[in-house]
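Note: the block below is coords18.txt and it holds compact mmCIF, C-alpha atoms.
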```
# COMPACT_ATOMS: atom_id res chain seq x y z
CA MET T 1 -34.99 -32.85 5.04
CA LEU T 2 -37.09 -29.70 4.65
CA LYS T 3 -36.26 -28.67 8.21
CA LYS T 4 -32.57 -29.18 7.54
CA ASN T 5 -32.77 -27.01 4.42
CA GLU T 6 -34.66 -24.33 6.29
CA SER T 7 -32.13 -24.24 9.13
CA LYS T 8 -29.29 -24.11 6.56
CA LYS T 9 -31.02 -21.15 4.88
CA LYS T 10 -31.50 -19.44 8.23
CA HIS T 11 -27.87 -20.03 9.12
CA GLY T 12 -26.82 -18.56 5.75
CA ILE T 13 -28.93 -15.44 6.25
CA ILE T 14 -27.51 -14.94 9.75
CA THR T 15 -23.91 -15.29 8.45
CA VAL T 16 -24.51 -12.84 5.58
CA SER T 17 -26.20 -10.32 7.87
CA ALA T 18 -23.40 -10.61 10.46
CA PHE T 19 -20.64 -10.04 7.88
CA LEU T 20 -22.51 -7.14 6.29
CA LEU T 21 -23.16 -5.56 9.67
CA LEU T 22 -19.52 -5.95 10.71
CA SER T 23 -18.27 -4.44 7.43
CA PHE T 24 -20.56 -1.41 7.76
CA LEU T 25 -19.58 -1.07 11.41
CA PHE T 26 -15.89 -0.96 10.44
CA LEU T 27 -16.63 1.58 7.71
CA THR T 28 -18.49 3.77 10.19
CA VAL T 29 -15.67 3.53 12.74
CA ASN T 30 -13.21 4.37 9.97
CA ILE T 31 -15.12 7.50 8.94
CA LYS T 32 -15.69 8.61 12.52
CA PHE T 33 -12.23 8.06 14.01
CA GLY T 34 -10.14 8.60 10.87
CA TYR T 35 -6.46 8.51 11.73
CA ALA T 36 -6.56 6.60 15.02
CA PRO T 37 -5.85 2.88 14.56
CA THR T 38 -8.89 0.75 15.40
CA PHE T 39 -8.54 -2.16 17.81
CA VAL T 40 -8.66 -4.59 14.85
CA GLU T 41 -5.78 -2.76 13.16
CA SER T 42 -3.73 -2.81 16.36
CA ILE T 43 -4.39 -6.53 16.90
CA VAL T 44 -3.62 -7.49 13.29
CA ILE T 45 -0.42 -5.40 13.23
CA THR T 46 0.68 -6.87 16.57
CA ILE T 47 0.14 -10.42 15.28
CA ILE T 48 1.21 -10.16 11.62
CA SER T 49 4.02 -7.58 11.66
CA PRO T 50 6.52 -9.65 13.70
CA PHE T 51 6.22 -12.38 11.03
CA GLN T 52 6.59 -9.79 8.29
CA GLU T 53 9.66 -8.42 10.09
CA LEU T 54 11.11 -11.91 10.37
CA VAL T 55 10.57 -12.66 6.66
CA SER T 56 11.79 -9.20 5.66
CA LYS T 57 14.96 -9.47 7.79
CA SER T 58 15.70 -13.01 6.57
CA LEU T 59 15.29 -11.99 2.95
CA ASN T 60 17.45 -8.89 3.49
CA ASN T 61 20.13 -11.03 5.09
CA VAL T 62 20.05 -13.53 2.22
CA SER T 63 20.22 -10.69 -0.27
CA ARG T 64 23.10 -9.06 1.69
CA VAL T 65 25.05 -12.34 1.74
CA TRP T 66 24.45 -12.79 -1.96
CA LYS T 67 25.50 -9.23 -2.81
CA ASN T 68 28.46 -8.90 -0.46
CA TYR T 69 30.01 -12.35 -0.32
CA ILE T 70 28.94 -14.38 -3.28
CA PHE T 71 28.37 -11.88 -6.04
CA LEU T 72 31.27 -9.47 -5.51
CA ILE T 73 33.18 -9.73 -2.31
CA LYS T 74 34.64 -6.30 -1.80
CA SER T 75 33.81 -3.89 -4.58
CA GLN T 76 30.10 -4.28 -4.02
CA GLU T 77 30.52 -3.43 -0.34
CA GLU T 78 32.65 -0.39 -1.10
CA ASN T 79 30.21 0.72 -3.73
CA THR T 80 27.33 0.50 -1.26
CA ILE T 81 29.23 2.59 1.30
CA LEU T 82 30.12 5.20 -1.32
CA LYS T 83 26.57 5.30 -2.62
CA LYS T 84 25.25 5.81 0.89
CA ASP T 85 27.83 8.53 1.50
CA ASN T 86 26.85 10.17 -1.74
CA GLU T 87 23.17 10.05 -0.86
CA ARG T 88 23.90 11.47 2.59
CA LEU T 89 25.96 14.31 1.09
CA LYS T 90 23.24 15.06 -1.48
CA PHE T 91 20.74 15.25 1.33
CA PHE T 92 22.81 17.67 3.40
CA ASN T 93 23.83 19.62 0.29
CA ASN T 94 20.18 20.21 -0.47
CA ILE T 95 19.52 21.43 3.05
CA LEU T 96 22.59 23.70 2.88
CA LYS T 97 21.52 25.09 -0.49
CA GLU T 98 18.18 25.93 1.00
CA ARG T 99 19.84 27.53 4.03
CA LEU T 100 22.07 29.60 1.73
CA ASN T 101 19.00 30.75 -0.20
CA LYS T 102 17.36 31.66 3.05
CA PHE T 103 20.40 33.61 4.27
CA GLN T 104 20.63 35.50 0.97
CA ARG T 105 16.99 36.47 1.11
CA LEU T 106 17.23 37.45 4.74
CA GLU T 107 20.36 39.50 4.08
CA ARG T 108 18.60 41.26 1.23
CA PHE T 109 15.77 42.35 3.47
CA SER T 110 18.11 43.14 6.40
CA ASP T 111 16.06 40.95 8.60
CA PHE T 112 17.19 39.05 11.64
CA ILE T 113 18.17 35.45 11.29
CA THR T 114 16.24 32.80 13.15
CA GLN T 115 18.10 29.70 14.24
CA ASP T 116 16.83 26.31 13.08
CA ARG T 117 16.60 23.71 15.77
CA GLU T 118 18.39 20.46 14.97
CA SER T 119 16.11 17.59 13.98
CA LYS T 120 16.84 14.08 15.10
CA LEU T 121 16.89 11.31 12.48
CA LEU T 122 15.77 7.92 13.71
CA PRO T 123 16.66 4.96 11.43
CA ALA T 124 13.91 2.44 10.65
CA ASP T 125 13.38 -0.63 8.47
CA ILE T 126 10.41 -1.49 6.30
CA VAL T 127 8.48 -4.47 7.60
CA GLY T 128 5.75 -4.81 4.99
CA PHE T 129 3.84 -3.08 2.21
CA ASP T 130 0.13 -2.71 1.53
CA SER T 131 -1.15 -5.96 0.06
CA THR T 132 -3.83 -4.63 -2.29
CA GLY T 133 -1.54 -2.24 -4.12
CA TRP T 134 -4.17 0.51 -4.19
CA SER T 135 -2.79 2.32 -1.15
CA LYS T 136 0.80 3.46 -1.08
CA VAL T 137 1.39 2.56 2.54
CA PHE T 138 4.04 0.57 4.35
CA ILE T 139 4.80 -0.48 7.91
CA ILE T 140 8.09 0.32 9.68
CA ASN T 141 9.59 -1.32 12.77
CA ARG T 142 9.38 1.77 14.99
CA GLY T 143 6.40 2.72 17.11
CA PHE T 144 5.48 5.12 19.83
CA LYS T 145 7.77 3.22 22.23
CA ASN T 146 10.63 4.55 20.07
CA GLY T 147 9.29 8.09 20.17
CA ILE T 148 7.45 7.97 16.85
CA ARG T 149 4.35 10.14 16.62
CA LYS T 150 1.71 10.79 13.96
CA ASP T 151 2.70 13.33 11.27
CA MET T 152 6.46 12.90 11.59
CA ALA T 153 8.25 13.06 8.23
CA VAL T 154 9.97 9.97 6.82
CA VAL T 155 12.95 10.48 4.51
CA THR T 156 15.89 8.75 2.86
CA TYR T 157 19.11 10.63 2.14
CA ASN T 158 17.73 11.09 -1.39
CA GLY T 159 14.57 12.86 -0.34
CA LEU T 160 11.14 12.81 1.19
CA VAL T 161 9.32 9.47 1.43
CA GLY T 162 6.12 10.26 3.34
CA ARG T 163 4.72 10.77 6.80
CA ILE T 164 3.66 8.68 9.77
CA VAL T 165 -0.11 8.26 9.80
CA GLN T 166 -0.66 5.66 12.51
CA SER T 167 1.47 4.27 15.31
CA THR T 168 1.17 1.24 17.54
CA SER T 169 3.65 0.45 20.31
CA LYS T 170 6.26 -1.20 18.04
CA TYR T 171 5.18 -0.45 14.48
CA SER T 172 4.01 2.57 12.46
CA LYS T 173 2.27 3.07 9.14
CA VAL T 174 3.84 5.46 6.63
CA LEU T 175 1.75 7.10 3.90
CA LEU T 176 3.96 7.63 0.84
CA ILE T 177 3.99 10.91 -1.07
CA THR T 178 2.82 8.93 -4.13
CA ASP T 179 -0.50 8.04 -2.45
CA PRO T 180 -3.37 10.17 -3.80
CA ARG T 181 -4.37 10.96 -0.19
CA SER T 182 -1.00 12.58 0.53
CA ALA T 183 -0.49 16.34 0.10
CA VAL T 184 2.75 18.26 0.70
CA ASP T 185 3.05 22.03 0.53
CA ALA T 186 6.04 22.58 -1.75
CA ILE T 187 8.07 25.16 -3.64
CA ILE T 188 10.08 25.00 -6.82
CA GLN T 189 13.69 25.53 -5.72
CA ARG T 190 14.69 27.74 -8.68
CA THR T 191 11.61 29.93 -9.12
CA ARG T 192 10.27 29.85 -5.52
CA ASP T 193 6.71 29.25 -6.83
CA ARG T 194 4.42 27.39 -4.47
CA GLY T 195 2.04 24.50 -5.01
CA ILE T 196 0.75 21.29 -3.45
CA VAL T 197 2.40 17.98 -4.32
CA VAL T 198 -0.09 15.11 -4.38
CA GLY T 199 0.31 11.45 -5.30
CA ALA T 200 -0.72 10.27 -8.74
CA HIS T 201 -0.80 6.75 -10.13
CA ASN T 202 2.19 4.68 -11.25
CA GLY T 203 4.61 5.93 -8.60
CA ILE T 204 4.71 9.57 -9.62
CA CYS T 205 3.42 12.82 -8.07
CA GLU T 206 1.73 15.91 -9.43
CA MET T 207 1.97 19.53 -8.38
CA LYS T 208 -1.39 21.23 -8.04
CA TYR T 209 -2.30 24.90 -7.64
CA LEU T 210 0.91 26.10 -9.30
CA SER T 211 0.45 29.60 -10.73
CA ILE T 212 -0.12 29.77 -14.50
CA ASN T 213 2.60 32.46 -14.68
CA SER T 214 5.24 30.22 -13.16
CA ASP T 215 8.42 29.86 -15.24
CA VAL T 216 8.71 26.18 -14.41
CA LYS T 217 10.94 23.90 -16.51
CA GLU T 218 11.57 20.19 -16.77
CA GLY T 219 14.35 19.15 -14.40
CA ASP T 220 13.52 21.78 -11.75
CA MET T 221 13.80 20.52 -8.18
CA ILE T 222 10.81 20.56 -5.85
CA ILE T 223 11.37 20.94 -2.11
CA SER T 224 9.07 21.07 0.89
CA SER T 225 8.04 24.59 1.88
CA GLY T 226 7.78 23.90 5.60
CA LEU T 227 4.20 25.17 5.70
CA GLY T 228 1.63 22.90 7.27
CA GLY T 229 3.86 21.96 10.20
CA VAL T 230 4.48 18.36 9.11
CA PHE T 231 7.50 18.52 6.83
CA GLN T 232 10.53 20.62 7.63
CA LYS T 233 11.55 23.17 4.98
CA GLY T 234 14.05 22.14 2.32
CA LEU T 235 13.42 18.40 2.08
CA SER T 236 13.89 17.29 -1.50
CA ILE T 237 10.63 15.91 -2.94
CA GLY T 238 11.35 15.30 -6.60
CA LYS T 239 12.31 16.51 -10.04
CA ILE T 240 9.83 17.87 -12.59
CA SER T 241 9.56 15.36 -15.41
CA LYS T 242 6.77 16.90 -17.46
CA VAL T 243 5.21 20.35 -17.75
CA TYR T 244 1.74 20.50 -19.29
CA GLU T 245 1.23 23.62 -21.38
CA LYS T 246 -2.01 25.31 -20.42
CA LYS T 247 -3.23 28.57 -21.86
CA ILE T 248 -6.45 28.86 -19.91
CA GLY T 249 -7.32 28.46 -16.24
CA LEU T 250 -5.55 29.64 -13.13
CA PHE T 251 -3.06 26.85 -12.52
CA ARG T 252 -0.34 24.88 -14.30
CA HIS T 253 -0.03 21.17 -14.03
CA VAL T 254 3.34 19.40 -13.68
CA GLU T 255 4.43 15.82 -13.16
CA ILE T 256 7.12 14.98 -10.60
CA ILE T 257 9.35 11.95 -10.20
CA PRO T 258 10.24 11.50 -6.52
CA THR T 259 13.97 11.76 -5.77
CA ALA T 260 13.74 8.98 -3.19
CA ASP T 261 13.43 5.60 -4.90
CA LEU T 262 10.14 4.49 -3.37
CA THR T 263 10.34 0.92 -4.63
CA THR T 264 13.72 -0.18 -3.28
CA MET T 265 14.09 1.70 -0.02
CA GLU T 266 16.28 -0.08 2.47
CA GLU T 267 17.18 2.49 5.09
CA LEU T 268 14.59 4.96 6.19
CA LEU T 269 14.97 7.88 8.56
CA VAL T 270 12.14 9.27 10.62
CA VAL T 271 12.56 12.99 11.27
CA VAL T 272 11.71 13.29 14.92
CA SER T 273 9.98 16.65 15.02
CA PRO T 274 12.28 19.52 16.01
CA PHE T 275 9.30 21.20 17.65
CA GLU T 276 8.56 18.39 20.06
CA ILE T 277 11.43 15.97 20.62
CA PRO T 278 10.20 12.99 22.63
CA GLU T 279 12.47 10.81 24.72
CA VAL T 280 13.76 8.06 22.44
CA LYS T 281 13.99 4.64 24.03
CA GLU T 282 16.34 2.17 22.35
CA MET L 1 -7.62 -30.35 6.94
CA PHE L 2 -7.88 -28.54 3.63
CA LEU L 3 -8.92 -25.36 5.43
CA LEU L 4 -5.71 -25.57 7.46
CA TYR L 5 -3.71 -25.95 4.25
CA ILE L 6 -5.45 -23.03 2.60
CA THR L 7 -5.02 -20.82 5.69
CA ALA L 8 -1.30 -21.66 5.85
CA LEU L 9 -0.97 -21.03 2.12
CA ILE L 10 -2.78 -17.68 2.34
CA ILE L 11 -0.52 -16.59 5.21
CA VAL L 12 2.61 -17.51 3.23
CA ILE L 13 1.32 -15.76 0.09
CA PHE L 14 0.24 -12.79 2.17
CA LEU L 15 3.68 -12.47 3.79
CA LEU L 16 5.41 -12.70 0.42
CA GLU L 17 2.98 -10.24 -1.14
CA THR L 18 3.52 -7.66 1.58
CA VAL L 19 7.28 -8.19 2.02
CA VAL L 20 8.70 -9.11 -1.40
CA ILE L 21 6.81 -6.45 -3.30
CA ASP L 22 9.26 -6.23 -6.25
CA LEU L 23 8.55 -9.81 -7.31
CA PHE L 24 4.96 -9.11 -8.20
CA ILE L 25 4.81 -5.54 -9.53
CA VAL L 26 3.88 -5.16 -13.21
CA ARG L 27 3.49 -1.59 -14.51
CA GLY L 28 3.14 -0.35 -10.94
CA VAL L 29 0.31 -2.79 -10.17
CA LYS L 30 0.28 -5.86 -7.92
CA PRO L 31 -2.03 -8.88 -8.19
CA ASP L 32 -4.51 -9.45 -5.37
CA PHE L 33 -3.88 -12.99 -4.17
CA ILE L 34 -6.54 -12.80 -1.46
CA LEU L 35 -9.10 -11.98 -4.14
CA ILE L 36 -7.95 -14.92 -6.29
CA ILE L 37 -8.24 -17.28 -3.32
CA THR L 38 -11.70 -15.89 -2.50
CA VAL L 39 -12.77 -16.60 -6.11
CA TYR L 40 -11.31 -20.12 -5.78
CA SER L 41 -13.23 -20.69 -2.55
CA GLY L 42 -16.43 -19.51 -4.24
CA LEU L 43 -15.90 -21.77 -7.26
CA PHE L 44 -14.67 -24.93 -5.54
CA LEU L 45 -15.64 -24.81 -1.86
CA ASN L 46 -18.95 -23.85 -0.30
CA LYS L 47 -20.55 -20.42 -0.04
CA THR L 48 -20.00 -19.99 3.71
CA THR L 49 -16.29 -20.84 3.43
CA ALA L 50 -15.89 -18.38 0.54
CA GLU L 51 -17.67 -15.64 2.50
CA THR L 52 -15.59 -16.30 5.62
CA ILE L 53 -12.26 -16.43 3.77
CA GLY L 54 -13.15 -13.27 1.83
CA PHE L 55 -14.24 -11.38 4.92
CA ALA L 56 -11.43 -12.52 7.26
CA PHE L 57 -8.52 -12.00 4.89
CA GLY L 58 -10.07 -8.79 3.49
CA LEU L 59 -10.12 -7.53 7.05
CA ILE L 60 -6.39 -8.31 7.44
CA GLN L 61 -5.71 -6.42 4.21
CA ASP L 62 -7.71 -3.47 5.58
CA ALA L 63 -5.88 -3.52 8.89
CA LEU L 64 -2.45 -3.42 7.25
CA SER L 65 -3.48 -0.56 4.98
CA PHE L 66 -4.43 2.98 5.96
CA LYS L 67 -8.00 4.27 6.43
CA GLN L 68 -9.54 1.30 4.64
CA MET L 69 -11.20 -0.60 7.49
CA GLY L 70 -14.25 -2.37 6.12
CA ILE L 71 -13.61 -1.80 2.41
CA ASN L 72 -11.76 -4.98 1.44
CA SER L 73 -13.63 -7.10 3.95
CA LEU L 74 -16.93 -5.93 2.44
CA SER L 75 -15.89 -6.31 -1.19
CA LYS L 76 -14.24 -9.70 -0.72
CA PHE L 77 -17.16 -10.96 1.33
CA LEU L 78 -19.58 -9.89 -1.43
CA ILE L 79 -17.39 -11.60 -4.05
CA GLY L 80 -17.24 -14.81 -2.01
CA TYR L 81 -20.99 -14.65 -1.48
CA SER L 82 -21.85 -13.96 -5.15
CA ILE L 83 -19.58 -16.63 -6.63
CA GLY L 84 -20.51 -19.12 -3.89
CA SER L 85 -24.20 -18.57 -4.70
CA LEU L 86 -23.61 -19.26 -8.39
CA ARG L 87 -21.30 -22.25 -7.83
CA GLU L 88 -23.86 -24.98 -8.42
CA ASN L 89 -24.97 -23.49 -11.74
CA ILE L 90 -21.53 -23.12 -13.31
CA LEU L 91 -18.78 -25.41 -14.55
CA SER L 92 -16.00 -24.46 -12.10
CA GLU L 93 -13.39 -26.76 -13.69
CA ASN L 94 -13.49 -24.88 -16.98
CA VAL L 95 -10.47 -22.56 -17.30
CA ILE L 96 -12.46 -19.97 -19.26
CA VAL L 97 -15.07 -19.85 -16.50
CA GLN L 98 -12.32 -19.46 -13.89
CA CYS L 99 -10.70 -16.62 -15.87
CA LEU L 100 -14.04 -14.90 -16.52
CA PHE L 101 -15.07 -15.01 -12.86
CA THR L 102 -11.66 -13.79 -11.69
CA PHE L 103 -11.80 -10.88 -14.14
CA ILE L 104 -15.35 -9.92 -13.12
CA ALA L 105 -14.48 -10.28 -9.42
CA SER L 106 -11.38 -8.07 -9.82
CA CYS L 107 -13.45 -5.37 -11.56
CA MET L 108 -16.17 -5.67 -8.89
CA ASN L 109 -13.55 -5.37 -6.13
CA GLY L 110 -12.08 -2.22 -7.72
CA ILE L 111 -15.49 -0.64 -8.32
CA ILE L 112 -16.58 -1.21 -4.70
CA TYR L 113 -13.24 0.27 -3.54
CA ILE L 114 -13.51 3.44 -5.64
CA LEU L 115 -17.22 3.88 -4.85
CA ILE L 116 -16.55 3.78 -1.10
CA LEU L 117 -13.44 5.96 -1.28
CA LYS L 118 -15.13 8.56 -3.47
CA GLY L 119 -18.58 8.36 -1.90
CA LEU L 120 -17.75 8.06 1.79
CA PHE L 121 -14.21 9.36 2.15
CA TYR L 122 -14.26 12.03 -0.61
CA SER L 123 -10.83 10.85 -1.68
CA GLU L 124 -9.13 12.80 -4.50
CA ILE L 125 -8.34 9.75 -6.63
CA GLU L 126 -8.24 10.31 -10.40
CA VAL L 127 -10.94 7.91 -11.58
CA LEU L 128 -9.50 7.44 -15.09
CA ASP L 129 -6.02 6.57 -13.76
CA PHE L 130 -7.59 4.24 -11.23
CA PHE L 131 -9.53 2.37 -13.91
CA LYS L 132 -6.38 2.02 -16.04
CA ASP L 133 -4.64 0.38 -13.08
CA LEU L 134 -7.74 -1.69 -12.32
CA LEU L 135 -7.76 -3.07 -15.86
CA ILE L 136 -4.10 -4.08 -15.57
CA GLN L 137 -4.70 -5.67 -12.16
CA SER L 138 -7.79 -7.52 -13.40
CA LEU L 139 -5.84 -8.96 -16.35
CA TYR L 140 -2.93 -9.86 -14.06
CA ASN L 141 -5.28 -11.64 -11.62
CA THR L 142 -6.98 -13.41 -14.53
CA PHE L 143 -3.62 -14.63 -15.82
CA LEU L 144 -2.52 -15.93 -12.40
CA ALA L 145 -5.85 -17.45 -11.34
CA PRO L 146 -5.73 -20.74 -13.34
CA ILE L 147 -2.17 -21.40 -12.10
CA ILE L 148 -3.12 -20.80 -8.45
CA PHE L 149 -6.36 -22.77 -8.87
CA PHE L 150 -4.37 -25.68 -10.34
CA MET L 151 -1.98 -25.62 -7.37
CA LEU L 152 -4.81 -25.43 -4.85
CA ASN L 153 -6.70 -28.22 -6.61
CA LYS L 154 -3.58 -30.41 -6.40
CA VAL L 155 -3.61 -29.97 -2.62
CA HIS L 156 -7.36 -30.26 -2.56
CA PHE L 157 -7.40 -33.27 -4.92
CA ASN L 158 -9.33 -35.62 -2.68
CA ASN L 159 -11.87 -33.00 -1.70
CA VAL L 160 -12.41 -32.03 -5.35
CA ARG L 161 -12.94 -35.69 -6.31
CA GLU L 162 -15.49 -35.95 -3.58
CA PHE L 163 -17.09 -32.74 -4.82
CA ARG L 164 -17.24 -34.10 -8.39
CA GLY L 165 -18.79 -37.29 -7.12
CA ARG L 166 -21.44 -35.33 -5.30
CA LYS L 167 -22.10 -33.25 -8.41
CA GLU L 168 -22.52 -36.33 -10.55
CA GLU L 169 -24.82 -37.84 -7.95
CA ALA L 170 -26.91 -34.68 -8.03
CA ARG L 171 -27.04 -34.85 -11.83
CA THR L 172 -28.24 -38.46 -11.86
CA ASP L 173 -30.91 -37.58 -9.27
```

Translate this structure into structure tokens?
Amino acid sequence: MLKKNESKKKHGIITVSAFLLLSFLFLTVNIKFGYAPTFVESIVITIISPFQELVSKSLNNVSRVWKNYIFLIKSQEENTILKKDNERLKFFNNILKERLNKFQRLERFSDFITQDRESKLLPADIVGFDSTGWSKVFIINRGFKNGIRKDMAVVTYNGLVGRIVQSTSKYSKVLLITDPRSAVDAIIQRTRDRGIVVGAHNGICEMKYLSINSDVKEGDMIISSGLGGVFQKGLSIGKISKVYEKKIGLFRHVEIIPTADLTTMEELLVVVSPFEIPEVKE
Amino acid sequence: MFLLYITALIIVIFLLETVVIDLFIVRGVKPDFILIITVYSGLFLNKTTAETIGFAFGLIQDALSFKQMGINSLSKFLIGYSIGSLRENILSENVIVQCLFTFIASCMNGIIYILILKGLFYSEIEVLDFFKDLLIQSLYNTFLAPIIFFMLNKVHFNNVREFRGRKEEARTD
């Protein structure tokens, strides 16, 4: 009996030590290799994500049938098309506005005009979200086999969603702009003041390092500045919802509501970098 | 057999949790079903099972997230281990005990998460905002725990009866 207890105790100690050791090993690998997916991540994504994709697609199909055929046969469908058109036009309008601004400024300084290279937009579907809720991360059904690379921007026609942080052969992880670990160099469209947009809690963002002298107002649009080499210039990030009055210090603090609805995204577009367009395999 | 049931159940819950996100969000916060099931395993099954479930499913959570390898597996393993160690000294069937342990486990999980992110990854997370969300999540988990425990106990009915019998035997000894 005593021997049995002792061996049980030994077994328990070995299990605890093994789990602790493995956890610390994973933490160390995580710190050391950072952005590269570990073999465990690749294996888990390869096994779990097809099931997630299956469930996600089935649910989307059920929801589509419900919306388009049972709920309202035609008007709902038309409405969806018009909404999508509207979103697409808003997206291009924003880019054109930014181009116009750029032309005006360039004209003013009698400078030469550089030509933007066309970016390619690759459609993708969401397969699954982060399960703990602490990270604002989701998985899409495009991987490096489709030409997706780390640091490519992910958008909807309404605005910026995030960037690719890890890719496996068929799936990629997207870090949302609302995650505290995300940072986007941005400018206020009206005043041209610069700052860094970072994720805050509850699905909103904040703009940091905005000059105290900035004439920022609620409702001002924030767009990506193009600095940093990840996000192309002119992508709509969000609208200022709150400006905190600050009389001391060097920077102002503003709250931003993302223009892209980050909770009910259906169609995502990955901006395949205009600087390095890989061959896209369908 | 029960382990097969619980594994299948966790996979179904896990798929729903990661795919049908809108169903579970309350004030921007989601419940952590894996944590609730780890607490259940600690309270009703044995320590090794609780540790293993916590570690294995925490690892899956880590793998599907970004730059979190080892965090959830460590915290959930520690929760499974702690509750599993206390199991014989507490009245697991009591709803208040279940709620209390789920609340403490949720707080412990959040604290381990923020300590590692701040201490090892130097993440720029606002601690006050994080604790506000943690409080909401802990309350949400606490509210859901008795319902999930009841459902799991229904499946586990025979095993629980056996467990009670063993407990009573131990008491009479």

Judged by all atoms listed in the file, the minimum distance to chain L among T:Pro123, T:Gly199, T:Gly162, T:Gly147 is found for T:Gly199

Spatial neighbours of range 21-37 of chain L, max dist 7 Å, all atoms listed in the file, sep filter under 4 positions, as JSON, numbers by chain | {"T": [132, 133, 202, 203], "L": [17, 41, 57, 76, 102, 133, 137, 140, 141, 145]}

Show me which bits of chain T are within 7 Å of chain L, counting only C-alpha atoms, as JSON, numbers by chain.
-> {"T": [20, 23, 24, 26, 27, 30, 34, 35, 40, 41, 44, 45, 52, 56, 127, 128, 129, 130, 131, 132, 133, 135, 137, 180, 181, 201, 202, 203]}

Create the file for the chosen residues now, containing C-alpha atoms and written as a short mmCIF file (atom, residue, chain, number, x, y, z; two decimals), keeping the file's coordinate frame.
```cif
data_model
loop_
_atom_site.label_atom_id
_atom_site.label_comp_id
_atom_site.auth_asym_id
_atom_site.auth_seq_id
_atom_site.Cartn_x
_atom_site.Cartn_y
_atom_site.Cartn_z
CA LEU T 20 -22.51 -7.14 6.29
CA SER T 23 -18.27 -4.44 7.43
CA PHE T 24 -20.56 -1.41 7.76
CA PHE T 26 -15.89 -0.96 10.44
CA LEU T 27 -16.63 1.58 7.71
CA ASN T 30 -13.21 4.37 9.97
CA GLY T 34 -10.14 8.60 10.87
CA TYR T 35 -6.46 8.51 11.73
CA VAL T 40 -8.66 -4.59 14.85
CA GLU T 41 -5.78 -2.76 13.16
CA VAL T 44 -3.62 -7.49 13.29
CA ILE T 45 -0.42 -5.40 13.23
CA GLN T 52 6.59 -9.79 8.29
CA SER T 56 11.79 -9.20 5.66
CA VAL T 127 8.48 -4.47 7.60
CA GLY T 128 5.75 -4.81 4.99
CA PHE T 129 3.84 -3.08 2.21
CA ASP T 130 0.13 -2.71 1.53
CA SER T 131 -1.15 -5.96 0.06
CA THR T 132 -3.83 -4.63 -2.29
CA GLY T 133 -1.54 -2.24 -4.12
CA SER T 135 -2.79 2.32 -1.15
CA VAL T 137 1.39 2.56 2.54
CA PRO T 180 -3.37 10.17 -3.80
CA ARG T 181 -4.37 10.96 -0.19
CA HIS T 201 -0.80 6.75 -10.13
CA ASN T 202 2.19 4.68 -11.25
CA GLY T 203 4.61 5.93 -8.60
#
```

Suppose you want the space between CA of Asp261 in chain T and CA of Val216 in chain T; what is it in Å?
-> 23.2 Å

What is the distance between CA of Leu45 in chain L and CA of Ile90 in chain L, in Å to one decimal?
->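 These two atoms are separated by 13.0 Å.
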
In Å, how far is it from CA of Arg163 in chain T to CA of Leu96 in chain T?
->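 Going from CA of Arg163 in chain T over to CA of Leu96 in chain T covers 22.4 Å.
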
Surrounding residues of Ser182 in chain T excluding itself and chain neighbours under 2 positions, 10 Å, all atoms listed in the file, as an MDAnalysis selection string | (chainID T and resid 136 162:163 175:180 184 196:200 205) or (chainID L and resid 124)

Would you be able to write out as a PDB file with C-alpha atoms, keeping the file's coordinate frame which residues have an atom within 8 Å of (12.7, 14.0, -5.5) in the file's coordinates, counting all atoms listed in the file?
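Written output follows (point37.pdb):
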```
ATOM      1  CA  ASN T 158      17.730  11.090  -1.390  1.00  0.00           C
ATOM      2  CA  GLY T 159      14.570  12.860  -0.340  1.00  0.00           C
ATOM      3  CA  LEU T 160      11.140  12.810   1.190  1.00  0.00           C
ATOM      4  CA  MET T 221      13.800  20.520  -8.180  1.00  0.00           C
ATOM      5  CA  ILE T 222      10.810  20.560  -5.850  1.00  0.00           C
ATOM      6  CA  ILE T 223      11.370  20.940  -2.110  1.00  0.00           C
ATOM      7  CA  SER T 236      13.890  17.290  -1.500  1.00  0.00           C
ATOM      8  CA  ILE T 237      10.630  15.910  -2.940  1.00  0.00           C
ATOM      9  CA  GLY T 238      11.350  15.300  -6.600  1.00  0.00           C
ATOM     10  CA  LYS T 239      12.310  16.510 -10.040  1.00  0.00           C
ATOM     11  CA  ILE T 256       7.120  14.980 -10.600  1.00  0.00           C
ATOM     12  CA  ILE T 257       9.350  11.950 -10.200  1.00  0.00           C
ATOM     13  CA  PRO T 258      10.240  11.500  -6.520  1.00  0.00           C
ATOM     14  CA  THR T 259      13.970  11.760  -5.770  1.00  0.00           C
ATOM     15  CA  ALA T 260      13.740   8.980  -3.190  1.00  0.00           C
TER      16      ALA T 260
END
```
